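Data from input19.cif: mmCIF, C-alpha atoms and all ligand atoms
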data_model
#
loop_
_atom_site.label_atom_id
_atom_site.label_comp_id
_atom_site.auth_asym_id
_atom_site.auth_seq_id
_atom_site.Cartn_x
_atom_site.Cartn_y
_atom_site.Cartn_z
CA MET A 1 164.22 -79.44 -79.84
CA THR A 2 166.17 -77.77 -77.11
CA VAL A 3 163.40 -78.56 -74.65
CA ALA A 4 163.44 -82.24 -75.53
CA ALA A 5 167.23 -82.41 -75.11
CA SER A 6 167.16 -80.81 -71.71
CA SER A 7 164.31 -83.10 -70.67
CA ALA A 8 166.46 -86.11 -71.51
CA VAL A 9 169.18 -84.86 -69.20
CA ALA A 10 166.57 -83.97 -66.67
CA GLY A 11 165.86 -87.64 -65.96
CA VAL A 12 169.06 -87.75 -63.86
CA VAL A 13 170.01 -84.18 -63.01
CA VAL A 14 166.78 -82.24 -62.62
CA PRO A 15 165.65 -83.41 -59.14
CA TRP A 16 168.90 -82.13 -57.62
CA HIS A 17 168.71 -78.89 -59.64
CA ARG A 18 165.07 -78.45 -58.90
CA ALA A 19 165.62 -78.69 -55.18
CA HIS A 20 168.18 -75.89 -55.43
CA ILE A 21 166.10 -73.84 -57.80
CA TYR A 22 163.15 -74.13 -55.41
CA LYS A 23 165.35 -73.09 -52.49
CA VAL A 24 166.63 -70.10 -54.41
CA LEU A 25 163.12 -69.17 -55.46
CA VAL A 26 161.84 -69.46 -51.88
CA CYS A 27 164.73 -67.25 -50.71
CA ILE A 28 163.97 -64.65 -53.37
CA VAL A 29 160.28 -64.63 -52.49
CA LEU A 30 161.06 -64.31 -48.76
CA ALA A 31 163.53 -61.53 -49.46
CA LEU A 32 160.95 -59.73 -51.59
CA ILE A 33 158.31 -60.08 -48.87
CA ALA A 34 160.77 -58.75 -46.28
CA LEU A 35 161.68 -55.83 -48.54
CA GLN A 36 158.06 -55.09 -49.23
CA TYR A 37 157.27 -55.14 -45.53
CA LEU A 38 160.20 -52.91 -44.61
CA SER A 39 159.52 -50.35 -47.30
CA GLY A 40 155.82 -50.51 -46.44
CA ALA A 41 156.61 -49.74 -42.81
CA ILE A 42 158.65 -46.73 -43.86
CA ASP A 43 156.37 -45.50 -46.57
CA ARG A 44 153.02 -46.30 -45.07
CA ARG A 45 152.90 -42.97 -43.32
CA SER A 46 154.17 -41.05 -46.27
CA ILE A 47 152.76 -42.67 -49.35
CA GLU A 48 149.20 -43.62 -48.83
CA THR A 49 147.99 -44.25 -52.30
CA ILE A 50 148.95 -43.76 -55.88
CA PHE A 51 146.30 -43.18 -58.43
CA THR A 52 145.54 -41.61 -61.74
CA ILE A 53 143.02 -38.83 -62.05
CA ASN A 54 140.60 -38.12 -64.82
CA THR A 55 141.11 -41.02 -67.18
CA SER A 56 138.81 -39.31 -69.65
CA ARG A 57 141.78 -37.10 -70.62
CA PRO A 58 144.01 -38.04 -73.50
CA PRO A 59 146.80 -40.32 -72.20
CA HIS A 60 149.50 -37.69 -72.38
CA GLN A 61 147.52 -35.47 -70.03
CA HIS A 62 147.02 -38.07 -67.30
CA ARG A 63 148.55 -37.11 -64.06
CA THR A 64 149.60 -39.42 -61.29
CA LEU A 65 148.98 -38.08 -57.84
CA VAL A 66 150.64 -39.31 -54.70
CA ILE A 67 149.10 -38.61 -51.32
CA TYR A 68 151.51 -38.31 -48.49
CA GLY A 69 151.92 -36.98 -44.99
CA THR A 70 153.12 -33.42 -44.59
CA GLY A 71 153.20 -30.71 -42.04
CA GLY A 72 154.80 -30.20 -38.70
CA SER A 73 157.30 -27.63 -39.89
CA ALA A 74 157.27 -24.63 -42.15
CA ALA A 75 157.14 -25.10 -45.87
CA SER A 76 160.01 -23.43 -47.61
CA GLY A 77 158.05 -21.86 -50.40
CA SER A 78 160.15 -23.49 -53.06
CA GLU A 79 158.47 -25.09 -56.04
CA ASP A 80 160.60 -28.16 -55.56
CA ASP A 81 160.28 -28.76 -51.90
CA MET A 82 157.31 -31.06 -51.94
CA GLN A 83 159.35 -34.21 -52.00
CA ASP A 84 161.60 -32.90 -49.25
CA GLU A 85 158.64 -32.08 -47.07
CA SER A 86 157.17 -35.50 -47.39
CA ALA A 87 160.45 -37.08 -46.41
CA SER A 88 161.39 -34.75 -43.60
CA ASN A 89 157.94 -34.74 -42.07
CA ALA A 90 157.19 -38.41 -42.36
CA SER A 91 156.15 -38.50 -38.73
CA SER A 92 153.34 -36.02 -39.08
CA SER A 93 149.88 -36.77 -40.16
CA SER A 94 148.03 -34.39 -42.43
CA ILE A 95 147.40 -35.24 -46.03
CA GLY A 96 148.95 -33.52 -49.00
CA ILE A 97 148.71 -34.40 -52.64
CA ARG A 98 151.40 -34.33 -55.20
CA ALA A 99 150.98 -34.11 -58.93
CA SER A 100 153.78 -35.63 -60.92
CA GLU A 101 153.21 -33.19 -63.73
CA ALA A 102 151.81 -29.69 -63.93
CA SER A 103 148.36 -29.67 -65.40
CA GLY A 104 146.81 -27.24 -67.81
CA ALA A 105 144.87 -24.43 -66.22
CA LYS A 106 141.13 -24.13 -66.51
CA ASN A 107 139.08 -21.08 -65.87
CA ALA A 108 136.71 -20.99 -62.95
CA SER A 109 133.48 -21.03 -64.91
CA SER A 110 134.38 -24.16 -66.81
CA ILE A 111 135.28 -25.92 -63.62
CA GLU A 112 131.92 -26.41 -62.03
CA SER A 113 130.63 -28.77 -64.68
CA SER A 114 133.63 -31.03 -64.33
CA ALA A 115 132.78 -31.49 -60.67
CA ALA A 116 129.85 -33.64 -61.66
CA GLY A 117 132.02 -36.08 -63.56
CA PRO A 118 132.86 -39.72 -62.88
CA THR A 119 133.85 -40.65 -59.37
CA SER A 120 135.57 -43.61 -57.87
CA LYS A 121 139.03 -44.36 -59.14
CA SER A 122 140.57 -44.92 -55.74
CA SER A 123 138.68 -45.46 -52.56
CA SER A 124 141.32 -46.04 -49.94
CA ASP A 125 139.63 -44.56 -46.93
CA VAL A 126 142.15 -42.03 -45.70
CA ASN A 127 141.03 -39.54 -43.11
CA ALA A 128 137.32 -40.14 -43.50
CA SER A 129 135.39 -38.15 -40.96
CA ASN A 130 133.62 -40.33 -38.49
CA ASN A 131 130.21 -38.80 -38.14
CA ASN A 132 129.58 -38.00 -41.75
CA ASN A 133 129.70 -41.50 -43.10
CA ASN A 134 128.33 -44.54 -41.43
CA ASN A 135 130.26 -46.83 -43.75
CA ASN A 136 127.49 -49.32 -44.24
CA ASN A 137 128.60 -51.38 -47.17
CA ASN A 138 125.20 -52.11 -48.57
CA ASN A 139 124.63 -48.36 -49.01
CA ASN A 140 120.98 -48.66 -48.17
CA SER A 141 119.28 -45.78 -46.45
CA ASP A 142 116.53 -46.16 -43.86
CA ASP A 143 113.75 -46.03 -46.44
CA GLY A 144 115.39 -48.80 -48.46
CA SER A 145 116.55 -46.54 -51.30
CA ARG A 146 120.14 -46.96 -52.41
CA GLU A 147 122.63 -44.39 -51.13
CA PRO A 148 125.49 -43.34 -53.36
CA PRO A 149 128.89 -44.75 -52.40
CA LEU A 150 131.31 -42.91 -50.15
CA CYS A 151 133.35 -40.45 -52.20
CA PRO A 152 136.88 -41.56 -53.06
CA ALA A 153 139.61 -40.49 -50.65
CA VAL A 154 141.07 -38.32 -53.36
CA PRO A 155 138.60 -36.43 -55.52
CA PRO A 156 138.96 -37.68 -59.09
CA ASN A 157 138.33 -34.46 -61.00
CA LEU A 158 140.99 -32.20 -59.63
CA VAL A 159 142.87 -30.17 -62.19
CA GLY A 160 145.84 -28.97 -60.15
CA PRO A 161 146.90 -25.37 -60.77
CA ILE A 162 143.96 -23.14 -61.65
CA ALA A 163 143.72 -19.80 -63.36
CA VAL A 164 142.50 -17.49 -60.64
CA SER A 165 139.93 -14.99 -61.86
CA LYS A 166 139.96 -11.53 -60.32
CA SER A 167 137.01 -10.25 -62.32
CA PRO A 168 133.86 -12.23 -61.58
CA PRO A 169 130.66 -11.69 -63.55
CA ASP A 170 127.86 -9.77 -61.84
CA LEU A 171 126.05 -11.46 -58.99
CA SER A 172 123.02 -12.71 -60.90
CA ALA A 173 125.17 -14.18 -63.68
CA MET A 174 127.26 -15.88 -61.05
CA GLU A 175 124.19 -17.26 -59.29
CA ARG A 176 122.99 -18.70 -62.58
CA ALA A 177 126.41 -20.13 -63.37
CA PHE A 178 126.62 -22.09 -60.14
CA ALA A 179 123.64 -24.32 -60.69
CA ARG A 180 124.92 -26.90 -58.22
CA VAL A 181 125.21 -24.47 -55.34
CA LYS A 182 122.19 -24.44 -53.06
CA GLN A 183 120.68 -21.43 -51.29
CA GLY A 184 122.90 -20.23 -48.46
CA GLY A 185 126.11 -21.21 -50.27
CA ARG A 186 125.83 -24.96 -49.79
CA GLY A 187 127.36 -27.54 -52.04
CA ALA A 188 127.72 -31.31 -51.92
CA PRO A 189 128.55 -34.04 -54.39
CA VAL A 190 125.56 -35.81 -55.91
CA GLU A 191 127.46 -38.80 -57.25
CA CYS A 192 128.82 -39.93 -53.88
CA ARG A 193 128.55 -39.29 -50.16
CA ALA A 194 130.96 -36.58 -49.03
CA ARG A 195 133.58 -37.59 -46.50
CA TYR A 196 133.63 -34.20 -44.81
CA ARG A 197 131.10 -31.66 -43.68
CA VAL A 198 133.00 -28.39 -43.80
CA ALA A 199 131.98 -24.89 -42.76
CA ILE A 200 133.91 -22.12 -44.51
CA VAL A 201 133.86 -19.02 -42.31
CA VAL A 202 134.75 -15.67 -43.87
CA PRO A 203 135.19 -12.74 -41.44
CA PHE A 204 134.04 -9.71 -43.36
CA ARG A 205 133.41 -5.99 -43.61
CA ASP A 206 133.30 -3.47 -46.45
CA ARG A 207 134.77 -5.59 -49.21
CA PHE A 208 131.89 -6.79 -51.31
CA PRO A 209 133.88 -6.94 -54.58
CA HIS A 210 136.45 -9.12 -52.82
CA LEU A 211 133.71 -11.37 -51.53
CA MET A 212 132.28 -11.84 -55.02
CA THR A 213 135.73 -12.71 -56.37
CA LEU A 214 136.32 -15.19 -53.58
CA LEU A 215 132.98 -16.90 -54.15
CA TYR A 216 133.58 -17.07 -57.87
CA ASN A 217 136.86 -18.88 -57.30
CA LEU A 218 135.95 -20.93 -54.25
CA HIS A 219 132.65 -22.60 -55.14
CA PRO A 220 133.97 -24.49 -58.18
CA LEU A 221 137.00 -25.65 -56.24
CA LEU A 222 134.95 -26.91 -53.29
CA LEU A 223 132.53 -28.71 -55.61
CA ARG A 224 135.40 -30.45 -57.36
CA GLN A 225 136.80 -31.45 -53.99
CA GLN A 226 133.53 -33.33 -53.30
CA LEU A 227 132.99 -31.71 -49.93
CA ASP A 228 129.68 -31.20 -48.21
CA TYR A 229 130.27 -27.52 -47.50
CA GLN A 230 128.61 -24.25 -46.65
CA ILE A 231 130.08 -20.76 -46.85
CA PHE A 232 129.29 -18.44 -43.93
CA VAL A 233 130.08 -14.74 -44.27
CA VAL A 234 130.22 -13.11 -40.84
CA GLU A 235 130.10 -9.35 -41.14
CA GLN A 236 130.95 -6.98 -38.32
CA GLU A 237 128.42 -4.20 -37.82
CA GLY A 238 129.57 -0.61 -37.35
CA THR A 239 132.84 1.19 -37.90
CA GLY A 240 134.78 0.28 -34.75
CA GLN A 241 138.02 -1.69 -34.81
CA PHE A 242 137.66 -4.92 -36.74
CA ASN A 243 137.82 -8.10 -34.66
CA ARG A 244 138.60 -10.94 -37.06
CA ALA A 245 138.98 -13.52 -34.31
CA MET A 246 135.64 -12.81 -32.69
CA LEU A 247 133.87 -12.99 -36.06
CA MET A 248 135.38 -16.43 -36.61
CA ASN A 249 134.20 -17.52 -33.17
CA VAL A 250 130.71 -16.30 -34.08
CA GLY A 251 130.90 -18.20 -37.37
CA TYR A 252 131.78 -21.37 -35.48
CA VAL A 253 128.91 -21.05 -33.01
CA GLU A 254 126.30 -20.06 -35.59
CA ALA A 255 127.32 -22.68 -38.17
CA LEU A 256 126.99 -25.44 -35.58
CA LYS A 257 123.43 -24.29 -34.90
CA GLU A 258 122.67 -25.26 -38.50
CA ARG A 259 124.49 -28.56 -38.89
CA PRO A 260 127.11 -30.65 -37.09
CA PHE A 261 130.10 -29.64 -39.19
CA ASP A 262 133.18 -31.87 -38.88
CA CYS A 263 135.54 -28.97 -39.36
CA PHE A 264 135.98 -25.31 -40.13
CA VAL A 265 138.06 -23.43 -42.64
CA PHE A 266 138.62 -19.83 -41.57
CA HIS A 267 139.15 -17.85 -44.75
CA ASP A 268 140.27 -14.28 -45.32
CA VAL A 269 138.17 -12.66 -48.02
CA ASP A 270 141.18 -11.46 -49.99
CA LEU A 271 142.88 -14.84 -50.60
CA LEU A 272 142.21 -16.85 -53.74
CA PRO A 273 143.42 -20.46 -53.94
CA GLU A 274 145.56 -21.23 -56.96
CA ASP A 275 145.49 -25.02 -56.91
CA ASP A 276 142.60 -27.37 -56.24
CA ARG A 277 144.86 -30.02 -54.74
CA ASN A 278 144.86 -27.71 -51.72
CA ILE A 279 141.99 -29.69 -50.27
CA TYR A 280 139.66 -27.98 -47.82
CA ASN A 281 138.95 -31.14 -45.85
CA CYS A 282 139.22 -31.88 -42.16
CA PRO A 283 142.79 -31.98 -40.90
CA GLU A 284 144.10 -34.38 -38.29
CA GLN A 285 146.13 -31.50 -36.90
CA PRO A 286 145.20 -27.81 -37.30
CA ARG A 287 146.22 -26.92 -40.84
CA HIS A 288 147.59 -23.61 -41.98
CA MET A 289 146.50 -23.50 -45.63
CA SER A 290 147.75 -20.22 -47.07
CA VAL A 291 151.37 -21.30 -47.02
CA ALA A 292 152.56 -19.50 -50.13
CA ILE A 293 151.00 -16.13 -51.01
CA ASP A 294 152.03 -14.07 -54.02
CA LYS A 295 152.29 -10.92 -51.87
CA PHE A 296 154.94 -12.65 -49.74
CA LEU A 297 156.71 -13.95 -52.87
CA TYR A 298 155.20 -17.39 -52.19
CA ARG A 299 157.31 -17.80 -49.07
CA LEU A 300 156.02 -18.57 -45.61
CA PRO A 301 156.96 -15.54 -43.47
CA TYR A 302 157.44 -17.58 -40.26
CA SER A 303 156.79 -21.13 -39.18
CA ASP A 304 154.10 -20.42 -36.55
CA LEU A 305 151.96 -18.35 -38.92
CA PHE A 306 148.31 -19.40 -38.71
CA GLY A 307 146.65 -16.43 -40.44
CA GLY A 308 145.06 -16.10 -43.87
CA VAL A 309 143.36 -19.45 -44.41
CA SER A 310 143.41 -22.16 -41.77
CA ALA A 311 141.45 -25.30 -40.99
CA MET A 312 140.58 -26.97 -37.71
CA THR A 313 138.27 -29.77 -36.71
CA THR A 314 135.26 -28.83 -34.65
CA ASN A 315 136.71 -30.76 -31.71
CA HIS A 316 140.12 -29.09 -31.85
CA PHE A 317 138.54 -25.65 -32.08
CA ARG A 318 136.42 -26.39 -29.02
CA MET A 319 139.44 -27.85 -27.25
CA VAL A 320 141.43 -24.60 -27.61
CA ASN A 321 138.41 -22.47 -26.59
CA GLY A 322 138.30 -20.87 -30.06
CA PHE A 323 140.13 -17.63 -30.81
CA SER A 324 140.83 -14.98 -28.24
CA ASN A 325 138.31 -12.11 -28.23
CA VAL A 326 140.71 -9.36 -27.17
CA PHE A 327 142.43 -8.60 -30.47
CA TRP A 328 140.75 -5.49 -31.94
CA GLY A 329 142.45 -4.13 -35.07
CA TRP A 330 144.98 -5.90 -37.26
CA GLY A 331 147.40 -8.58 -36.09
CA GLY A 332 148.20 -11.07 -33.38
CA GLU A 333 144.98 -13.10 -33.10
CA ASP A 334 146.32 -15.86 -35.33
CA ASP A 335 149.60 -15.99 -33.40
CA ASP A 336 147.60 -16.36 -30.20
CA MET A 337 145.73 -19.27 -31.83
CA ALA A 338 149.06 -20.87 -32.74
CA ASN A 339 149.98 -20.65 -29.04
CA ARG A 340 146.66 -22.18 -28.04
CA ILE A 341 147.21 -25.02 -30.46
CA LYS A 342 150.64 -25.78 -29.04
CA SER A 343 149.43 -25.47 -25.45
CA ARG A 344 147.01 -28.33 -26.16
CA GLY A 345 149.72 -30.61 -27.51
CA LEU A 346 148.60 -30.08 -31.11
CA HIS A 347 150.74 -28.76 -33.93
CA ILE A 348 150.29 -26.75 -37.11
CA SER A 349 150.35 -28.89 -40.25
CA ARG A 350 150.73 -27.73 -43.85
CA TYR A 351 150.39 -28.88 -47.41
CA PRO A 352 153.45 -28.34 -49.56
CA ALA A 353 154.11 -24.79 -50.66
CA ASN A 354 153.72 -25.50 -54.35
CA ILE A 355 150.10 -26.58 -53.73
CA ALA A 356 149.02 -24.32 -50.87
CA ARG A 357 149.34 -21.23 -53.05
CA TYR A 358 147.16 -18.13 -52.99
CA LYS A 359 146.84 -14.81 -54.73
CA MET A 360 146.01 -11.86 -52.50
CA LEU A 361 143.60 -9.15 -53.63
CA THR A 362 144.87 -5.65 -53.06
CA HIS A 363 143.40 -3.35 -50.44
CA LYS A 364 144.56 -0.58 -48.19
CA LYS A 365 146.41 -1.66 -45.09
CA GLU A 366 144.33 -1.96 -41.95
CA LYS A 367 145.32 -0.20 -38.76
CA ALA A 368 147.50 -2.49 -36.64
CA ASN A 369 146.56 -3.08 -33.05
CA PRO A 370 149.25 -1.45 -30.88
CA LYS A 371 148.33 -3.75 -27.97
CA ARG A 372 148.86 -6.96 -29.91
CA TYR A 373 152.33 -7.70 -28.55
CA GLU A 374 151.15 -7.24 -24.98
CA PHE A 375 148.05 -9.43 -25.48
CA LEU A 376 150.08 -12.06 -27.22
CA LYS A 377 152.54 -12.18 -24.37
CA SER A 378 149.89 -12.50 -21.67
CA GLY A 379 147.69 -14.79 -23.81
CA LYS A 380 148.45 -18.00 -22.00
CA LYS A 381 146.73 -16.99 -18.81
CA ARG A 382 143.53 -16.29 -20.75
CA PHE A 383 143.35 -19.50 -22.81
CA LEU A 384 140.59 -21.01 -20.68
CA THR A 385 138.51 -17.91 -20.02
CA ASP A 386 138.87 -15.83 -23.18
CA GLY A 387 137.38 -17.31 -26.35
CA LEU A 388 134.25 -19.37 -26.93
CA ALA A 389 133.84 -19.35 -23.15
CA ASN A 390 133.09 -15.61 -22.93
CA LEU A 391 131.94 -14.82 -26.46
CA GLN A 392 129.15 -12.23 -26.61
CA TYR A 393 127.43 -10.94 -29.69
CA GLU A 394 124.10 -10.22 -31.27
CA ILE A 395 122.96 -11.38 -34.68
CA MET A 396 121.39 -8.29 -36.28
CA VAL A 397 120.55 -9.89 -39.63
CA LYS A 398 120.76 -13.39 -41.01
CA LYS A 399 120.11 -14.02 -44.69
CA ARG A 400 120.61 -16.77 -47.19
CA PRO A 401 121.46 -15.44 -50.58
CA LYS A 402 122.24 -18.15 -53.10
CA LEU A 403 126.02 -18.15 -52.74
CA TYR A 404 126.54 -17.75 -48.96
CA THR A 405 124.89 -17.56 -45.59
CA TRP A 406 125.28 -14.04 -44.24
CA PHE A 407 125.31 -12.82 -40.65
CA LEU A 408 125.51 -9.18 -39.66
CA VAL A 409 126.87 -9.24 -36.14
CA ARG A 410 127.21 -6.74 -33.30
CA LEU A 411 130.18 -7.73 -31.20
CA THR A 412 130.30 -7.10 -27.47
CA PRO A 413 133.82 -6.51 -26.16
CA PRO A 414 134.70 -9.01 -23.43
CA ALA A 415 134.31 -7.73 -19.88
CA GLN A 416 137.93 -7.98 -18.76
CA PRO A 417 140.41 -8.15 -21.59
CA SER A 418 143.46 -8.04 -19.28
C1 LIG B 501 152.26 -10.99 -38.23
C2 LIG B 501 150.99 -10.73 -37.45
C3 LIG B 501 149.96 -11.76 -37.83
C4 LIG B 501 149.75 -11.74 -39.35
C5 LIG B 501 151.07 -11.97 -40.03
C6 LIG B 501 151.00 -12.00 -41.53
C7 LIG B 501 151.45 -9.77 -35.24
C8 LIG B 501 151.70 -10.04 -33.76
C9 LIG B 501 153.00 -9.50 -33.32
C10 LIG B 501 154.11 -10.47 -33.51
N1 LIG B 501 151.30 -10.83 -36.02
O1 LIG B 501 153.18 -10.01 -37.92
O2 LIG B 501 148.76 -11.49 -37.15
O3 LIG B 501 148.82 -12.72 -39.74
O4 LIG B 501 151.98 -10.96 -39.62
O5 LIG B 501 150.52 -10.83 -42.07
O6 LIG B 501 151.39 -8.62 -35.64
#

Turn this file's structure into structure tokens for me.
Ligand code: BGN
Amino acid sequence: MTVAASSAVAGVVVPWHRAHIYKVLVCIVLALIALQYLSGAIDRRSIETIFTINTSRPPHQHRTLVIYGTGGSAASGSEDDMQDESASNASSSSIGIRASEASGAKNASSIESSAAGPTSKSSSDVNASNNNNNNNNNNNSDDGSREPPLCPAVPPNLVGPIAVSKSPPDLSAMERAFARVKQGGRGAPVECRARYRVAIVVPFRDRFPHLMTLLYNLHPLLLRQQLDYQIFVVEQEGTGQFNRAMLMNVGYVEALKERPFDCFVFHDVDLLPEDDRNIYNCPEQPRHMSVAIDKFLYRLPYSDLFGGVSAMTTNHFRMVNGFSNVFWGWGGEDDDMANRIKSRGLHISRYPANIARYKMLTHKKEKANPKRYEFLKSGKKRFLTDGLANLQYEIMVKKRPKLYTWFLVRLTPPAQPS
């Protein structure tokens, strides 16, 4: 009835009205497009995609994750600072992930099976490594068989905060539990092609129980993160001063003899990740990963810290000539690496502190290197000569137990450590 009445009037009035209505509509649409464009330009660097993980959960447990750029400056350690970081560091480039709601914790042994779950929810191709995926859309391999699709940019089965376990089962039980881990500590998704080939290098000596605990916590996390990874444990032979940096250099060189890894995560044996959104993938800028450690009350001690757990691409590591070889005993080698990174025009990036969380296993304090201040100060003049360039060592033993590749290494002190 009302429609018919207005139609009758429309015979005279509507053309004039319509013209205006169309103009208004066109203006609104243009304004919306402009707004969209402007906010896109601002947000493009910070908000890359929004997606829901694990739709097999009951609706109330769904979590929306937002990926955004982080890094550049120190994380504050506050639980609430994630949003601030993404805003204040909009110009930097590494990827962090935010969960809009805390998820329920799962224990490590139940995690591995969930890694084999459904895959592609979102496939926006953020940060894909270039030599690990040849992005052919037909997914056909050379022999004509069908290749699985590229893994989604954000792994779909992440659970967020995880219950760290400090008491792993015995080695054989653990080996049986990790059915998806291949000899030598290798893992890769079966349902899709991994975006990143990552070598995890653990400098090591004398802490077998710690190593078992790390492996028990790390394998399930890496599997869920859909990485093509391998864990290398590089053990220093003998009882002389420990040289963490040199062991990491050895790990780099030896791992690349096996496969062309896209990047490296250098991982202290005593740090256990507490959240699987702390993704061990390849960073655009060197990434300090152990931002918030329980021992330091989940606060970053200083903004240039690069110790604990850190990730670098193969190219960046080569570019800075690896770690210095002159730091024997505790301390300073990571600070020297931070200086190397800056000297090459790179910068340290970080995930937000509420994600990049770790628990530290307890152990007695190592002897600090009294020369570390001196070496740190004079480091710059050695950047080109001291590192991968003059690395000398001997592999005494190489073995491939199920959960890691193990090297026992004899280190040769560099000729002139001045
Ligand atoms: C710093 C150490 C780092 C270590 C962190 C965290 C030095 C050099 C002298 C300034 N640096 O003090 O190597 O990773 O503590 O423990 O000692």

request  = Grab me every residue within 9 Å of ligand LIG 501 (chain B), counting only C-alpha atoms and all ligand atoms, and send it over as a list in words.
outcome  =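 The residues near ligand LIG 501 (chain B) are Pro301, Tyr302, Leu305, Phe306, Gly307, Gly308, Trp330, Gly331, Gly332, Glu333, Asp334, Asp335, Asp336, Ala368, Asn369, Pro370, Arg372, Tyr373, Glu374 and Leu376 of chain A.
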
Closest atom pairs, region 313-333 of chain A residues within 9 Å of region 225-245 of chain A, only C-alpha atoms, as a tab-separated table:
residue	atom	partner	partner_atom	distance
A:Gly322	CA	A:Ala245	CA	8.5
A:Phe323	CA	A:Ala245	CA	5.5
A:Ser324	CA	A:Ala245	CA	6.5
A:Asn325	CA	A:Ala245	CA	6.3
A:Val326	CA	A:Asn243	CA	8.1
A:Phe327	CA	A:Asn243	CA	6.2
A:Trp328	CA	A:Asn243	CA	4.8
A:Gly329	CA	A:Gln241	CA	5.1
A:Trp330	CA	A:Phe242	CA	7.4
A:Glu333	CA	A:Ala245	CA	6.1

* To do: Could you tell me how far CA of Pro352 (chain A) lies from CA of Leu150 (chain A), in Å and to one decimal?
  =>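 Computing the Euclidean distance for CA of Pro352 (chain A) and CA of Leu150 (chain A) yields 26.5 Å.
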
Go through A:Thr362, A:Ser343, A:Ser303, A:Ser172 one by one, measure the shortest atom-to-atom distance of each to Met319 (chain A) using all atoms listed in the file, and give the residue with the smallest value.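 Distance minimum relative to Met319 (chain A) lands on A:Ser343.
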
Could you check which of A:Met246, A:Val320, A:Leu222, A:Val202 is closest to Pro414 (chain A), using all atoms listed in the file?
->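 Of the candidates, the smallest distance to Pro414 (chain A) is held by A:Met246.
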
How many Å separate CA of Thr313 (chain A) from CA of Arg197 (chain A)?
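A separation of 10.2 Å between them.
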
Subject >> Residue neighbourhood Arg259 (chain A), 10 Å, all atoms listed in the file, exclusion window fewer than 3 positions, as a PyMOL selection string >> reply: chain A and resi 197-199+230+254-256+262

Draw an axis-aligned box over all listed atoms of region 325-337 of chain A, pad each side with 5 Å, and write its centre and edge lengths in Å, one decimal, as JSON.
{"center_x": 144.0, "center_y": -11.7, "center_z": -32.2, "size_x": 21.3, "size_y": 25.1, "size_z": 20.1}

Leu403 (chain A) proximity check over A:Val250, A:Ala163, A:Ala177, A:Val309, using all atoms listed in the file: winner is A:Ala177

Of A:Lys364, A:Arg350, A:Lys380, A:Lys402, the one nearest to Arg287 (chain A) when counting only C-alpha atoms is A:Arg350

Could you tell me which of A:Leu223, A:Met248, A:Arg344, A:Asp268 comes closest to Leu384 (chain A) if we count all atoms listed in the file?
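Smallest separation from Leu384 (chain A) among the options: A:Arg344.
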
Could you pull the residues within 10 Å of region 210-215 of chain A, counting only C-alpha atoms, minus those fewer than 3 positions along the same chain, as a PyMOL selection string? chain A and resi 164-171+174+185+202+204-207+218-221+231+233+267-273+360-363+403-404

I need the chosen residues saved as a PDB file, in the coordinates of the input, with C-alpha atoms.
ATOM      1  CA  VAL A 164     142.500 -17.490 -60.640  1.00  0.00           C
ATOM      2  CA  SER A 165     139.930 -14.990 -61.860  1.00  0.00           C
ATOM      3  CA  LYS A 166     139.960 -11.530 -60.320  1.00  0.00           C
ATOM      4  CA  SER A 167     137.010 -10.250 -62.320  1.00  0.00           C
ATOM      5  CA  PRO A 168     133.860 -12.230 -61.580  1.00  0.00           C
ATOM      6  CA  PRO A 169     130.660 -11.690 -63.550  1.00  0.00           C
ATOM      7  CA  ASP A 170     127.860  -9.770 -61.840  1.00  0.00           C
ATOM      8  CA  LEU A 171     126.050 -11.460 -58.990  1.00  0.00           C
ATOM      9  CA  MET A 174     127.260 -15.880 -61.050  1.00  0.00           C
ATOM     10  CA  GLY A 185     126.110 -21.210 -50.270  1.00  0.00           C
ATOM     11  CA  VAL A 202     134.750 -15.670 -43.870  1.00  0.00           C
ATOM     12  CA  PHE A 204     134.040  -9.710 -43.360  1.00  0.00           C
ATOM     13  CA  ARG A 205     133.410  -5.990 -43.610  1.00  0.00           C
ATOM     14  CA  ASP A 206     133.300  -3.470 -46.450  1.00  0.00           C
ATOM     15  CA  ARG A 207     134.770  -5.590 -49.210  1.00  0.00           C
ATOM     16  CA  LEU A 218     135.950 -20.930 -54.250  1.00  0.00           C
ATOM     17  CA  HIS A 219     132.650 -22.600 -55.140  1.00  0.00           C
ATOM     18  CA  PRO A 220     133.970 -24.490 -58.180  1.00  0.00           C
ATOM     19  CA  LEU A 221     137.000 -25.650 -56.240  1.00  0.00           C
ATOM     20  CA  ILE A 231     130.080 -20.760 -46.850  1.00  0.00           C
ATOM     21  CA  VAL A 233     130.080 -14.740 -44.270  1.00  0.00           C
ATOM     22  CA  HIS A 267     139.150 -17.850 -44.750  1.00  0.00           C
ATOM     23  CA  ASP A 268     140.270 -14.280 -45.320  1.00  0.00           C
ATOM     24  CA  VAL A 269     138.170 -12.660 -48.020  1.00  0.00           C
ATOM     25  CA  ASP A 270     141.180 -11.460 -49.990  1.00  0.00           C
ATOM     26  CA  LEU A 271     142.880 -14.840 -50.600  1.00  0.00           C
ATOM     27  CA  LEU A 272     142.210 -16.850 -53.740  1.00  0.00           C
ATOM     28  CA  PRO A 273     143.420 -20.460 -53.940  1.00  0.00           C
ATOM     29  CA  MET A 360     146.010 -11.860 -52.500  1.00  0.00           C
ATOM     30  CA  LEU A 361     143.600  -9.150 -53.630  1.00  0.00           C
ATOM     31  CA  THR A 362     144.870  -5.650 -53.060  1.00  0.00           C
ATOM     32  CA  HIS A 363     143.400  -3.350 -50.440  1.00  0.00           C
ATOM     33  CA  LEU A 403     126.020 -18.150 -52.740  1.00  0.00           C
ATOM     34  CA  TYR A 404     126.540 -17.750 -48.960  1.00  0.00           C
TER      35      TYR A 404
END
